[in-house]
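Colleague: Sharing query39.cif below, mmCIF, C-alpha atoms:
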data_protein
#
loop_
_atom_site.label_atom_id
_atom_site.label_comp_id
_atom_site.auth_asym_id
_atom_site.auth_seq_id
_atom_site.Cartn_x
_atom_site.Cartn_y
_atom_site.Cartn_z
CA MET X 1320 47.33 17.67 19.77
CA SER X 1321 43.62 16.84 19.69
CA GLN X 1322 42.44 13.34 20.51
CA ASN X 1323 39.43 11.57 19.01
CA LYS X 1324 37.45 9.49 21.47
CA LEU X 1325 35.83 6.26 20.36
CA SER X 1326 32.47 5.58 22.00
CA LEU X 1327 30.14 2.61 21.68
CA GLN X 1328 27.19 4.68 22.87
CA ASN X 1329 24.56 5.88 20.44
CA ALA X 1330 24.97 9.32 18.91
CA LEU X 1331 22.33 11.63 20.43
CA LEU X 1332 20.82 14.88 19.21
CA THR X 1333 21.42 18.25 20.78
CA LEU X 1334 18.41 20.39 21.72
CA GLU X 1335 19.13 22.73 18.80
CA GLN X 1336 19.20 19.83 16.32
CA LEU X 1337 15.90 18.56 17.69
CA GLN X 1338 14.18 21.94 17.39
CA ARG X 1339 15.70 23.17 14.11
CA THR X 1340 15.56 20.28 11.69
CA PRO X 1341 16.33 20.67 7.96
CA SER X 1342 12.69 19.78 7.19
CA ARG X 1343 11.40 22.52 9.50
CA GLU X 1344 13.66 25.03 7.75
CA ASP X 1345 12.16 23.91 4.42
CA GLY X 1346 8.66 24.87 5.57
CA ILE X 1347 7.48 21.44 6.75
CA SER X 1348 5.62 21.74 10.05
CA GLU X 1349 6.47 19.67 13.12
CA GLU X 1350 3.29 17.60 12.80
CA GLN X 1351 3.85 16.96 9.09
CA GLU X 1352 7.45 15.95 9.76
CA ASP X 1353 6.43 13.59 12.55
CA ASN X 1354 3.82 11.96 10.30
CA MET X 1355 6.28 11.47 7.45
CA ARG X 1356 8.86 10.01 9.83
CA GLN X 1357 6.26 7.59 11.20
CA LEU X 1358 5.29 6.63 7.65
CA GLY X 1359 8.90 5.77 6.82
CA CYS X 1360 9.31 3.71 9.99
CA HIS X 1361 6.02 1.92 9.32
CA LEU X 1362 7.20 1.14 5.78
CA ILE X 1363 10.51 -0.20 7.11
CA GLN X 1364 8.89 -2.37 9.77
CA THR X 1365 6.29 -3.82 7.39
CA ALA X 1366 8.82 -4.48 4.62
CA GLY X 1367 11.18 -6.09 7.14
CA ILE X 1368 8.46 -8.48 8.26
CA LEU X 1369 7.69 -9.44 4.65
CA LEU X 1370 11.42 -9.94 4.00
CA LYS X 1371 11.65 -12.07 7.19
CA LEU X 1372 14.43 -9.92 8.62
CA PRO X 1373 15.19 -10.13 12.37
CA GLN X 1374 13.77 -7.36 14.56
CA VAL X 1375 17.26 -6.01 15.29
CA ALA X 1376 17.72 -5.26 11.58
CA MET X 1377 14.35 -3.50 11.34
CA ALA X 1378 15.11 -1.50 14.50
CA THR X 1379 18.54 -0.48 13.21
CA ALA X 1380 17.03 0.57 9.89
CA GLN X 1381 14.45 2.78 11.59
CA ILE X 1382 17.07 4.45 13.78
CA LEU X 1383 19.28 5.13 10.74
CA PHE X 1384 16.21 6.54 8.96
CA GLN X 1385 15.45 8.85 11.90
CA ARG X 1386 19.08 9.98 12.17
CA PHE X 1387 19.26 10.73 8.45
CA PHE X 1388 16.33 13.12 8.50
CA TYR X 1389 17.92 15.16 11.26
CA GLN X 1390 20.73 15.78 8.77
CA ALA X 1391 18.60 16.12 5.63
CA SER X 1392 15.19 17.48 4.69
CA LEU X 1393 12.09 15.43 3.94
CA GLY X 1394 11.51 17.92 1.13
CA LYS X 1395 14.71 16.89 -0.65
CA PHE X 1396 14.86 13.12 -0.07
CA ALA X 1397 11.99 10.69 -0.60
CA VAL X 1398 10.63 8.72 2.35
CA ARG X 1399 10.35 5.62 0.15
CA ASP X 1400 13.93 5.80 -1.12
CA ILE X 1401 15.56 6.45 2.27
CA SER X 1402 13.43 3.66 3.77
CA MET X 1403 14.81 1.24 1.16
CA GLY X 1404 18.36 2.45 1.68
CA SER X 1405 18.00 2.13 5.47
CA ILE X 1406 16.79 -1.46 5.22
CA PHE X 1407 19.53 -2.43 2.77
CA LEU X 1408 22.25 -0.83 4.91
CA ALA X 1409 20.91 -2.10 8.26
CA ALA X 1410 20.71 -5.65 6.93
CA LYS X 1411 24.44 -5.47 6.20
CA VAL X 1412 25.23 -3.91 9.58
CA GLU X 1413 23.33 -6.66 11.41
CA GLU X 1414 24.86 -9.35 9.16
CA CYS X 1415 21.59 -10.55 7.65
CA PRO X 1416 21.81 -9.12 4.12
CA CYS X 1417 18.73 -9.18 1.92
CA ARG X 1418 18.57 -9.45 -1.87
CA MET X 1419 18.01 -6.11 -3.55
CA THR X 1420 15.46 -7.66 -5.91
CA ASP X 1421 13.37 -8.87 -2.96
CA LEU X 1422 13.61 -5.48 -1.26
CA VAL X 1423 12.53 -3.58 -4.38
CA ASN X 1424 9.60 -5.92 -4.97
CA GLU X 1425 8.33 -5.63 -1.38
CA ILE X 1426 8.63 -1.84 -1.30
CA ASP X 1427 6.81 -1.56 -4.63
CA HIS X 1428 4.06 -3.86 -3.30
CA LEU X 1429 3.66 -1.81 -0.11
CA THR X 1430 3.70 1.49 -2.02
CA LYS X 1431 0.81 0.30 -4.18
CA HIS X 1432 -0.99 -1.02 -1.10
CA PHE X 1433 -0.63 2.33 0.70
CA ARG X 1434 -1.97 4.11 -2.38
CA HIS X 1435 -4.87 1.63 -2.79
CA LYS X 1436 -3.66 0.70 -6.27
CA THR X 1437 -3.98 -2.64 -8.02
CA LEU X 1438 -1.38 -4.98 -6.55
CA GLU X 1439 0.30 -6.01 -9.78
CA PRO X 1440 3.79 -7.53 -9.44
CA LEU X 1441 6.71 -5.42 -10.58
CA THR X 1442 7.94 -6.48 -13.99
CA LEU X 1443 11.48 -7.78 -13.74
CA PHE X 1444 14.04 -5.84 -15.82
CA SER X 1445 11.51 -3.06 -16.53
CA GLN X 1446 12.57 0.59 -16.35
CA GLU X 1447 10.62 1.00 -13.09
CA PHE X 1448 12.49 -1.95 -11.62
CA TYR X 1449 15.88 -0.48 -12.54
CA ASP X 1450 14.85 2.96 -11.26
CA LEU X 1451 14.01 1.49 -7.85
CA LYS X 1452 17.28 -0.48 -7.72
CA ASN X 1453 19.22 2.69 -8.52
CA ALA X 1454 17.25 4.53 -5.83
CA VAL X 1455 18.36 1.96 -3.24
CA VAL X 1456 22.05 2.41 -4.13
CA ILE X 1457 21.81 6.21 -4.14
CA ALA X 1458 19.87 6.25 -0.84
CA GLU X 1459 22.43 4.00 0.86
CA MET X 1460 25.22 6.28 -0.34
CA GLN X 1461 23.40 9.39 0.91
CA ILE X 1462 22.77 7.84 4.35
CA LEU X 1463 26.45 6.95 4.73
CA LYS X 1464 27.47 10.43 3.56
CA LYS X 1465 25.09 12.35 5.85
CA LEU X 1466 25.88 10.19 8.89
CA GLY X 1467 29.62 10.31 8.28
CA PHE X 1468 29.70 6.49 7.97
CA ASN X 1469 28.69 6.25 11.66
CA VAL X 1470 26.12 3.46 11.46
CA HIS X 1471 26.75 1.98 14.91
CA VAL X 1472 23.46 1.40 16.73
CA GLN X 1473 23.12 0.04 20.24
CA LEU X 1474 19.67 -1.45 20.87
CA PRO X 1475 17.89 -1.82 24.24
CA TYR X 1476 16.35 -5.28 23.76
CA ALA X 1477 19.03 -7.28 25.63
CA ILE X 1478 19.31 -4.57 28.28
CA MET X 1479 15.56 -4.72 28.89
CA VAL X 1480 15.68 -8.51 29.35
CA ASN X 1481 18.46 -8.14 31.92
CA TYR X 1482 16.53 -5.45 33.78
CA LEU X 1483 13.43 -7.65 33.85
CA LYS X 1484 15.55 -10.36 35.50
CA VAL X 1485 16.85 -7.88 38.08
CA LEU X 1486 13.28 -6.79 38.89
CA GLU X 1487 12.06 -10.43 38.87
CA LEU X 1488 9.47 -9.72 36.19
CA THR X 1489 10.52 -12.22 33.50
CA ASP X 1490 7.74 -14.65 34.44
CA HIS X 1491 4.98 -12.04 34.56
CA PRO X 1492 2.20 -12.92 32.06
CA THR X 1493 2.04 -9.49 30.33
CA ILE X 1494 4.90 -7.16 31.30
CA PRO X 1495 7.74 -8.66 29.16
CA GLN X 1496 5.58 -8.79 26.02
CA ARG X 1497 4.18 -5.30 26.56
CA ALA X 1498 7.61 -3.85 27.21
CA TRP X 1499 8.96 -5.48 24.03
CA GLY X 1500 6.07 -4.01 22.06
CA PHE X 1501 6.72 -0.55 23.49
CA LEU X 1502 10.37 -0.81 22.37
CA ASN X 1503 9.21 -1.57 18.82
CA ASP X 1504 6.60 1.20 18.79
CA GLY X 1505 9.10 3.70 20.19
CA LEU X 1506 11.16 3.35 17.01
CA ARG X 1507 8.56 5.59 15.34
CA THR X 1508 9.44 8.44 17.72
CA SER X 1509 12.61 10.40 18.41
CA ILE X 1510 13.42 8.60 21.70
CA TYR X 1511 16.20 6.45 20.20
CA ILE X 1512 18.13 9.53 19.13
CA CYS X 1513 17.46 11.48 22.33
CA TYR X 1514 18.14 8.86 25.02
CA GLN X 1515 20.57 6.00 25.56
CA PRO X 1516 19.24 2.40 25.46
CA PRO X 1517 19.40 1.73 29.24
CA THR X 1518 17.05 4.65 29.93
CA ILE X 1519 14.68 3.50 27.17
CA ALA X 1520 14.69 -0.02 28.64
CA CYS X 1521 13.76 1.37 32.07
CA SER X 1522 10.97 3.44 30.58
CA VAL X 1523 9.22 0.60 28.74
CA ILE X 1524 9.41 -1.60 31.84
CA TRP X 1525 7.92 1.23 33.94
CA LEU X 1526 5.16 1.77 31.40
CA ALA X 1527 4.35 -1.94 31.09
CA ALA X 1528 4.32 -2.39 34.88
CA ARG X 1529 2.13 0.67 35.29
CA GLU X 1530 -0.44 -0.66 32.80
CA ALA X 1531 -0.35 -4.08 34.50
CA GLY X 1532 -0.84 -2.49 37.92
CA VAL X 1533 2.41 -3.93 39.26
CA PRO X 1534 4.31 -1.71 41.75
CA LEU X 1535 8.07 -1.44 41.32
CA PRO X 1536 10.58 -1.10 44.21
CA LYS X 1537 10.93 2.38 45.69
CA SER X 1538 13.31 1.72 48.57
CA PRO X 1539 15.81 2.05 47.10
CA ALA X 1540 14.31 3.59 43.96
CA TRP X 1541 14.69 1.01 41.19
CA TRP X 1542 15.48 3.60 38.51
CA GLU X 1543 18.39 4.96 40.55
CA VAL X 1544 19.79 1.45 40.97
CA LEU X 1545 19.64 1.12 37.17
CA ASP X 1546 21.30 4.54 36.73
CA SER X 1547 18.35 6.34 35.14
CA LYS X 1548 16.32 9.45 35.92
CA LEU X 1549 12.59 9.25 36.61
CA GLU X 1550 12.00 12.42 34.60
CA ASP X 1551 13.55 10.83 31.50
CA ILE X 1552 11.60 7.61 32.05
CA VAL X 1553 8.28 9.44 32.20
CA ASN X 1554 9.14 11.62 29.18
CA ILE X 1555 10.00 8.59 27.04
CA ALA X 1556 6.78 6.85 28.11
CA GLY X 1557 4.81 9.95 27.11
CA HIS X 1558 6.31 9.90 23.61
CA ILE X 1559 5.42 6.23 23.17
CA LYS X 1560 1.87 6.62 24.48
CA SER X 1561 1.25 9.60 22.20
CA LEU X 1562 1.40 7.24 19.22
CA TYR X 1563 -1.80 5.49 20.31
CA TYR X 1564 -4.02 8.58 20.25
CA LYS X 1565 -3.38 9.76 16.73
CA GLU X 1566 -4.30 8.10 13.46
CA LEU X 1567 -1.61 8.09 10.80
CA PRO X 1568 -3.14 9.05 7.40
CA ILE X 1569 -0.97 6.70 5.37
CA SER X 1570 -2.77 7.15 2.04
CA GLU X 1571 -2.36 10.95 2.21
CA LEU X 1572 1.31 11.17 3.17
CA PRO X 1573 4.01 11.59 0.48
CA LEU X 1574 6.30 8.68 -0.32
CA THR X 1575 8.17 10.27 -3.24
CA ILE X 1576 9.65 13.73 -3.78
CA GLY X 1577 7.02 14.52 -6.40
CA GLU X 1578 4.26 14.01 -3.85
CA VAL X 1579 5.70 16.36 -1.19
CA GLU X 1580 4.73 19.74 -2.67
CA PRO X 1581 1.09 18.77 -3.48
CA TYR X 1582 0.80 17.31 0.04
CA LEU X 1583 2.03 20.53 1.67
CA GLN X 1584 -0.34 22.59 -0.46
CA ARG X 1585 -3.31 20.42 0.55
CA GLN X 1586 -2.34 20.73 4.19
CA GLN X 1587 -2.12 24.50 3.88
CA GLN X 1588 -5.58 24.64 2.32
CA ILE X 1589 -7.00 22.45 5.10
CA SER X 1590 -5.41 24.67 7.74
CA GLN X 1591 -6.88 27.77 6.13
CA ALA X 1592 -10.31 26.14 5.95
CA HIS X 1593 -10.13 25.21 9.65
CA GLY X 1594 -9.01 28.74 10.48
CA ASP X 1595 -11.98 30.22 8.59
CA ALA X 1596 -14.36 27.79 10.30
CA ALA X 1597 -12.94 28.61 13.72
CA SER X 1598 -13.29 32.35 13.13
CA SER X 1599 -16.95 31.85 12.15
CA GLY X 1600 -17.65 29.63 15.16
CA ASN X 1601 -18.21 26.47 13.09
CA ALA X 1602 -14.99 24.59 13.83
CA PRO X 1603 -15.40 20.82 13.36
CA ALA X 1604 -15.18 18.62 16.44
CA THR X 1605 -12.03 16.53 16.75
CA ASN X 1606 -12.17 12.93 17.90
CA VAL X 1607 -9.39 11.17 19.76
CA ARG X 1608 -8.38 8.08 17.81
CA VAL X 1609 -6.85 5.02 19.39
CA SER X 1610 -5.57 3.40 16.21
CA ARG X 1611 -2.17 4.52 14.88
CA PHE X 1612 -2.62 3.56 11.27
CA SER X 1613 -5.40 3.92 8.74
#
Could you spell out this file's structure in structure tokens?

Modeller:
Amino acid sequence: MSQNKLSLQNALLTLEQLQRTPSREDGISEEQEDNMRQLGCHLIQTAGILLKLPQVAMATAQILFQRFFYQASLGKFAVRDISMGSIFLAAKVEECPCRMTDLVNEIDHLTKHFRHKTLEPLTLFSQEFYDLKNAVVIAEMQILKKLGFNVHVQLPYAIMVNYLKVLELTDHPTIPQRAWGFLNDGLRTSIYICYQPPTIACSVIWLAAREAGVPLPKSPAWWEVLDSKLEDIVNIAGHIKSLYYKELPISELPLTIGEVEPYLQRQQQISQAHGDAASSGNAPATNVRVSRFS
């Protein structure tokens, strides 16, 4: 007789799931997928701030969003809709529910802002308003279905605070704040579905201490005391730092299903143009950007 084990740890991806995503199988490149994931997480974080949700709710929403698109394709589900559904569901999970009307209005406002459109308020009880409300309900249902109703998320914030106390860094002028910021920025990457929270907490502390020029104990090795591997810590830090050297073209990325195909066609044309320029020896120079968002 088989036994089902109940675990409070986060569900993590296998290597095969990480490499062969549904979006990749639908012809969306790794870079395009990463950009669209970052757009959805940016939309969630910004909307959460406007809705005055606690950070734990915004973090949970982004992790649910990331998990969903390892079970479904970005070519079949809209970034905007799944972002709304993730916020609505995460607010319930973290016991800080938000009004659907407020959520729809904020997402509509941000969508227009990202598209550089006139910021006119959404007309209450209009067809567009009802379409967005229906999209929230459908997206929430799809998230629950794809994730098998497993919406448990363990976050590393409290763990990081405890580790800072162990390492006697809580009173440092920059390390706690930097580490907290790295945890928030890391939500835009795959680290939360590849590593458990204690390892992520160790990584952001290591990265913050490294940038502050503060040495951490090596005898015994502090990461071994905290039951983590240095290789994992460095890998997580690399994923977080990679965000700061690439600009996210928000206005170009698709938010709805109808925008996906034209976006992919434009990207294919740009790639062909760059290929032709490279073959003729006139490839444009690329600049390293520090800002993440345009």

Colleague: Find, counting all atoms listed in the file, the residue in X:Gln1336, X:Gln1588, X:Thr1518, X:Asn1329 that gets nearest to Gln1390 of chain X.

Modeller: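 So, comparing all the options, the nearest one is X:Gln1336.
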
Colleague: May I ask which of the residues X:Leu1383, X:Val1553, X:Val1412, X:Leu1429 is the closest one to Ser1570 of chain X, counting all atoms listed in the file?

Modeller: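 Of the candidates, the smallest distance to Ser1570 of chain X is held by X:Leu1429.
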
Colleague: Restrict the calculation to all atoms listed in the file, then for each residue of segment 1454-1529 of chain X with any atom at most 9 Å from an atom of segment 1547-1551 of chain X give the closest atom pair and their distance in Å to one decimal, rows by chain and rising residue number, as JSON lines.

Modeller:
{"residue": "X:Tyr1514", "atom": "CA", "partner": "X:Asp1551", "partner_atom": "CA", "distance": 8.2}
{"residue": "X:Pro1517", "atom": "CA", "partner": "X:Ser1547", "partner_atom": "CA", "distance": 7.6}
{"residue": "X:Thr1518", "atom": "CA", "partner": "X:Ser1547", "partner_atom": "CA", "distance": 5.6}
{"residue": "X:Ile1519", "atom": "CA", "partner": "X:Asp1551", "partner_atom": "CA", "distance": 8.6}
{"residue": "X:Cys1521", "atom": "CA", "partner": "X:Ser1547", "partner_atom": "CA", "distance": 7.4}
{"residue": "X:Ser1522", "atom": "CA", "partner": "X:Asp1551", "partner_atom": "CA", "distance": 7.9}

Colleague: Store the residues picked out above in a file with C-alpha atoms, as a short mmCIF file (atom, residue, chain, number, x, y, z; two decimals), keeping the file's coordinate frame.

Modeller:
data_model
loop_
_atom_site.label_atom_id
_atom_site.label_comp_id
_atom_site.auth_asym_id
_atom_site.auth_seq_id
_atom_site.Cartn_x
_atom_site.Cartn_y
_atom_site.Cartn_z
CA TYR X 1514 18.14 8.86 25.02
CA PRO X 1517 19.40 1.73 29.24
CA THR X 1518 17.05 4.65 29.93
CA ILE X 1519 14.68 3.50 27.17
CA CYS X 1521 13.76 1.37 32.07
CA SER X 1522 10.97 3.44 30.58
#

Colleague: With the file shown as input, list the residues that the PyMOL selection byres ((chain X and resi 1417) around 10) selects, as a ChimeraX atom specification.

Modeller: /X:1367,1370-1372,1406-1411,1414-1416,1418-1422

Colleague: Can you measure atom CA of Val1398 of chain X to atom CA of Leu1332 of chain X for me? One decimal in Å is fine.

Modeller: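 Atom-to-atom, atom CA of Val1398 of chain X and atom CA of Leu1332 of chain X are spaced 20.6 Å apart.
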
Colleague: Given only C-alpha atoms as the basis, pick out the residue of X:Tyr1564, X:Ser1348, X:Leu1463, X:Ala1330 nearest to Gln1587 of chain X.

Modeller: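 Closest to Gln1587 of chain X of all the choices is X:Ser1348.
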
Colleague: Find the residue from X:Met1460, X:Ile1426, X:Gln1328, X:Phe1501 that sits nearest to Pro1516 of chain X; use only C-alpha atoms when measuring.

Modeller: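 Closest to Pro1516 of chain X, using only C-alpha atoms: X:Gln1328.
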
Colleague: Within 10 Å of segment 1441-1447 of chain X, counting only C-alpha atoms, which residues qualify if same-chain residues fewer than 3 places away don't, as a compact mmCIF listing (two decimals) with C-alpha atoms, in the coordinates of the input?

Modeller:
# COMPACT_ATOMS: atom_id res chain seq x y z
CA THR X 1420 15.46 -7.66 -5.91
CA VAL X 1423 12.53 -3.58 -4.38
CA ASN X 1424 9.60 -5.92 -4.97
CA GLU X 1425 8.33 -5.63 -1.38
CA ASP X 1427 6.81 -1.56 -4.63
CA HIS X 1428 4.06 -3.86 -3.30
CA LEU X 1438 -1.38 -4.98 -6.55
CA ASP X 1450 14.85 2.96 -11.26
CA LEU X 1451 14.01 1.49 -7.85
CA LYS X 1452 17.28 -0.48 -7.72
CA ASN X 1453 19.22 2.69 -8.52

Colleague: Counting all atoms listed in the file, what is within 8 Å of Val1523 of chain X, bar same-chain residues fewer than 2 positions away, as a list in words?

Modeller: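 The neighbour list is Ala1498, Trp1499, Phe1501, Leu1502, Ile1519, Ala1520, Cys1521, Trp1525, Leu1526, Ala1527 and Ala1556 of chain X.
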
Colleague: Could you write out the selected residues, including C-alpha atoms, as a short mmCIF file (atom, residue, chain, number, x, y, z; two decimals), in the coordinates of the input?

Modeller:
data_model
loop_
_atom_site.label_atom_id
_atom_site.label_comp_id
_atom_site.auth_asym_id
_atom_site.auth_seq_id
_atom_site.Cartn_x
_atom_site.Cartn_y
_atom_site.Cartn_z
CA ALA X 1498 7.61 -3.85 27.21
CA TRP X 1499 8.96 -5.48 24.03
CA PHE X 1501 6.72 -0.55 23.49
CA LEU X 1502 10.37 -0.81 22.37
CA ILE X 1519 14.68 3.50 27.17
CA ALA X 1520 14.69 -0.02 28.64
CA CYS X 1521 13.76 1.37 32.07
CA TRP X 1525 7.92 1.23 33.94
CA LEU X 1526 5.16 1.77 31.40
CA ALA X 1527 4.35 -1.94 31.09
CA ALA X 1556 6.78 6.85 28.11
#

Colleague: From the list X:Glu1543, X:Ser1402, X:Asp1353, X:Ile1347, which residue is nearest Lys1565 of chain X when using only C-alpha atoms?

Modeller: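 Closest to Lys1565 of chain X of all the choices is X:Asp1353.
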
Colleague: Would you translate the PyMOL selection byres ((chain X and resi 1581-1586) around 9) into the concrete set of residues it matches in this file, as a ChimeraX atom specification?

Modeller: /X:1346-1347,1351,1571-1573,1577-1580,1587-1591

Colleague: With C-alpha atoms kept, could you save the residues just selected as an mmCIF file, in the coordinates of the input?

Modeller:
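What follows is the written file again35.cif:
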data_model
loop_
_atom_site.group_PDB
_atom_site.id
_atom_site.type_symbol
_atom_site.label_atom_id
_atom_site.label_comp_id
_atom_site.auth_asym_id
_atom_site.auth_seq_id
_atom_site.Cartn_x
_atom_site.Cartn_y
_atom_site.Cartn_z
ATOM 1 C CA GLY X 1346 8.660 24.870 5.570
ATOM 2 C CA ILE X 1347 7.480 21.440 6.750
ATOM 3 C CA GLN X 1351 3.850 16.960 9.090
ATOM 4 C CA GLU X 1571 -2.360 10.950 2.210
ATOM 5 C CA LEU X 1572 1.310 11.170 3.170
ATOM 6 C CA PRO X 1573 4.010 11.590 0.480
ATOM 7 C CA GLY X 1577 7.020 14.520 -6.400
ATOM 8 C CA GLU X 1578 4.260 14.010 -3.850
ATOM 9 C CA VAL X 1579 5.700 16.360 -1.190
ATOM 10 C CA GLU X 1580 4.730 19.740 -2.670
ATOM 11 C CA GLN X 1587 -2.120 24.500 3.880
ATOM 12 C CA GLN X 1588 -5.580 24.640 2.320
ATOM 13 C CA ILE X 1589 -7.000 22.450 5.100
ATOM 14 C CA SER X 1590 -5.410 24.670 7.740
ATOM 15 C CA GLN X 1591 -6.880 27.770 6.130
#

Colleague: For Ala1391 of chain X, list every protein, DNA or RNA residue within 8 Å, evaluated using only C-alpha atoms, and leave out those in the same chain fewer than 3 positions away; present the list as a count of residues only.

Modeller: 8

Colleague: Mind giving me the straight-line distance from atom CA of Phe1433 of chain X to atom CA of Glu1566 of chain X in Å, one decimal?

Modeller: 14.5 Å

Colleague: One decimal, in Å: what's the spacing between atom CA of Arg1507 of chain X and atom CA of Gln1385 of chain X?

Modeller: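 One can read the atom CA of Arg1507 of chain X to atom CA of Gln1385 of chain X distance as 8.4 Å.
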
Colleague: For Thr1365 of chain X, which of X:Leu1488, X:Met1377, X:Leu1474, X:Leu1535 is the closest residue, counting all atoms listed in the file?

Modeller: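 Distance minimum relative to Thr1365 of chain X lands on X:Met1377.
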
Colleague: What residues come out when you apply the PyMOL selection byres ((chain X and resi 1356-1361) around 10) to this file, written as an MDAnalysis selection string?

Modeller: chainID X and resid 1350:1355 1362:1367 1377:1378 1380:1382 1384:1385 1388 1393 1397:1403 1405 1504 1506:1509 1562 1567:1570 1572:1574 1611:1612

Colleague: Using the incomplete input, complete segment 1581-1587 of chain X to the level of all heavy atoms; output as a PDB file, keeping the file's coordinate frame.

Modeller:
ATOM      1  N   PRO X1581       2.557  18.827  -3.502  1.00  0.00           N
ATOM      2  CA  PRO X1581       1.090  18.770  -3.480  1.00  0.00           C
ATOM      3  C   PRO X1581       0.539  18.480  -2.082  1.00  0.00           C
ATOM      4  O   PRO X1581      -0.508  19.023  -1.698  1.00  0.00           O
ATOM      5  CB  PRO X1581       0.761  17.633  -4.455  1.00  0.00           C
ATOM      6  CG  PRO X1581       1.925  17.575  -5.372  1.00  0.00           C
ATOM      7  CD  PRO X1581       3.114  17.918  -4.517  1.00  0.00           C
ATOM      8  N   TYR X1582       1.237  17.630  -1.324  1.00  0.00           N
ATOM      9  CA  TYR X1582       0.800  17.310   0.040  1.00  0.00           C
ATOM     10  C   TYR X1582       0.835  18.553   0.922  1.00  0.00           C
ATOM     11  O   TYR X1582      -0.129  18.836   1.656  1.00  0.00           O
ATOM     12  CB  TYR X1582       1.678  16.217   0.630  1.00  0.00           C
ATOM     13  CG  TYR X1582       1.547  16.048   2.119  1.00  0.00           C
ATOM     14  CD1 TYR X1582       0.419  15.446   2.683  1.00  0.00           C
ATOM     15  CD2 TYR X1582       2.550  16.503   2.983  1.00  0.00           C
ATOM     16  CE1 TYR X1582       0.299  15.304   4.055  1.00  0.00           C
ATOM     17  CE2 TYR X1582       2.436  16.356   4.354  1.00  0.00           C
ATOM     18  CZ  TYR X1582       1.311  15.761   4.885  1.00  0.00           C
ATOM     19  OH  TYR X1582       1.193  15.626   6.247  1.00  0.00           O
ATOM     20  N   LEU X1583       1.911  19.325   0.849  1.00  0.00           N
ATOM     21  CA  LEU X1583       2.030  20.530   1.670  1.00  0.00           C
ATOM     22  C   LEU X1583       0.982  21.569   1.268  1.00  0.00           C
ATOM     23  O   LEU X1583       0.429  22.267   2.130  1.00  0.00           O
ATOM     24  CB  LEU X1583       3.436  21.121   1.528  1.00  0.00           C
ATOM     25  CG  LEU X1583       4.588  20.256   2.063  1.00  0.00           C
ATOM     26  CD1 LEU X1583       5.924  20.937   1.812  1.00  0.00           C
ATOM     27  CD2 LEU X1583       4.410  19.984   3.550  1.00  0.00           C
ATOM     28  N   GLN X1584       0.687  21.656  -0.013  1.00  0.00           N
ATOM     29  CA  GLN X1584      -0.340  22.590  -0.460  1.00  0.00           C
ATOM     30  C   GLN X1584      -1.726  22.191   0.047  1.00  0.00           C
ATOM     31  O   GLN X1584      -2.505  23.039   0.486  1.00  0.00           O
ATOM     32  CB  GLN X1584      -0.341  22.668  -1.998  1.00  0.00           C
ATOM     33  CG  GLN X1584       0.902  23.333  -2.578  1.00  0.00           C
ATOM     34  CD  GLN X1584       0.928  23.306  -4.093  1.00  0.00           C
ATOM     35  OE1 GLN X1584       0.045  22.718  -4.744  1.00  0.00           O
ATOM     36  NE2 GLN X1584       1.940  23.930  -4.683  1.00  0.00           N
ATOM     37  N   ARG X1585      -2.016  20.898   0.022  1.00  0.00           N
ATOM     38  CA  ARG X1585      -3.310  20.420   0.550  1.00  0.00           C
ATOM     39  C   ARG X1585      -3.419  20.704   2.042  1.00  0.00           C
ATOM     40  O   ARG X1585      -4.470  21.121   2.540  1.00  0.00           O
ATOM     41  CB  ARG X1585      -3.469  18.920   0.293  1.00  0.00           C
ATOM     42  CG  ARG X1585      -3.716  18.535  -1.153  1.00  0.00           C
ATOM     43  CD  ARG X1585      -4.236  17.104  -1.255  1.00  0.00           C
ATOM     44  NE  ARG X1585      -3.360  16.145  -0.605  1.00  0.00           N
ATOM     45  CZ  ARG X1585      -2.361  15.527  -1.222  1.00  0.00           C
ATOM     46  NH1 ARG X1585      -2.109  15.791  -2.491  1.00  0.00           N
ATOM     47  NH2 ARG X1585      -1.608  14.654  -0.574  1.00  0.00           N
ATOM     48  N   GLN X1586      -2.321  20.477   2.760  1.00  0.00           N
ATOM     49  CA  GLN X1586      -2.340  20.730   4.190  1.00  0.00           C
ATOM     50  C   GLN X1586      -2.539  22.207   4.509  1.00  0.00           C
ATOM     51  O   GLN X1586      -3.231  22.562   5.468  1.00  0.00           O
ATOM     52  CB  GLN X1586      -1.032  20.229   4.825  1.00  0.00           C
ATOM     53  CG  GLN X1586      -0.867  18.722   4.817  1.00  0.00           C
ATOM     54  CD  GLN X1586      -1.947  18.011   5.608  1.00  0.00           C
ATOM     55  OE1 GLN X1586      -2.149  18.278   6.789  1.00  0.00           O
ATOM     56  NE2 GLN X1586      -2.667  17.120   4.965  1.00  0.00           N
ATOM     57  N   GLN X1587      -1.949  23.066   3.680  1.00  0.00           N
ATOM     58  CA  GLN X1587      -2.120  24.500   3.880  1.00  0.00           C
ATOM     59  C   GLN X1587      -3.562  24.918   3.633  1.00  0.00           C
ATOM     60  O   GLN X1587      -4.129  25.732   4.377  1.00  0.00           O
ATOM     61  CB  GLN X1587      -1.181  25.269   2.943  1.00  0.00           C
ATOM     62  CG  GLN X1587      -1.184  26.769   3.178  1.00  0.00           C
ATOM     63  CD  GLN X1587      -0.160  27.482   2.306  1.00  0.00           C
ATOM     64  OE1 GLN X1587       0.415  26.878   1.393  1.00  0.00           O
ATOM     65  NE2 GLN X1587       0.069  28.750   2.578  1.00  0.00           N
TER      66      GLN X1587
END
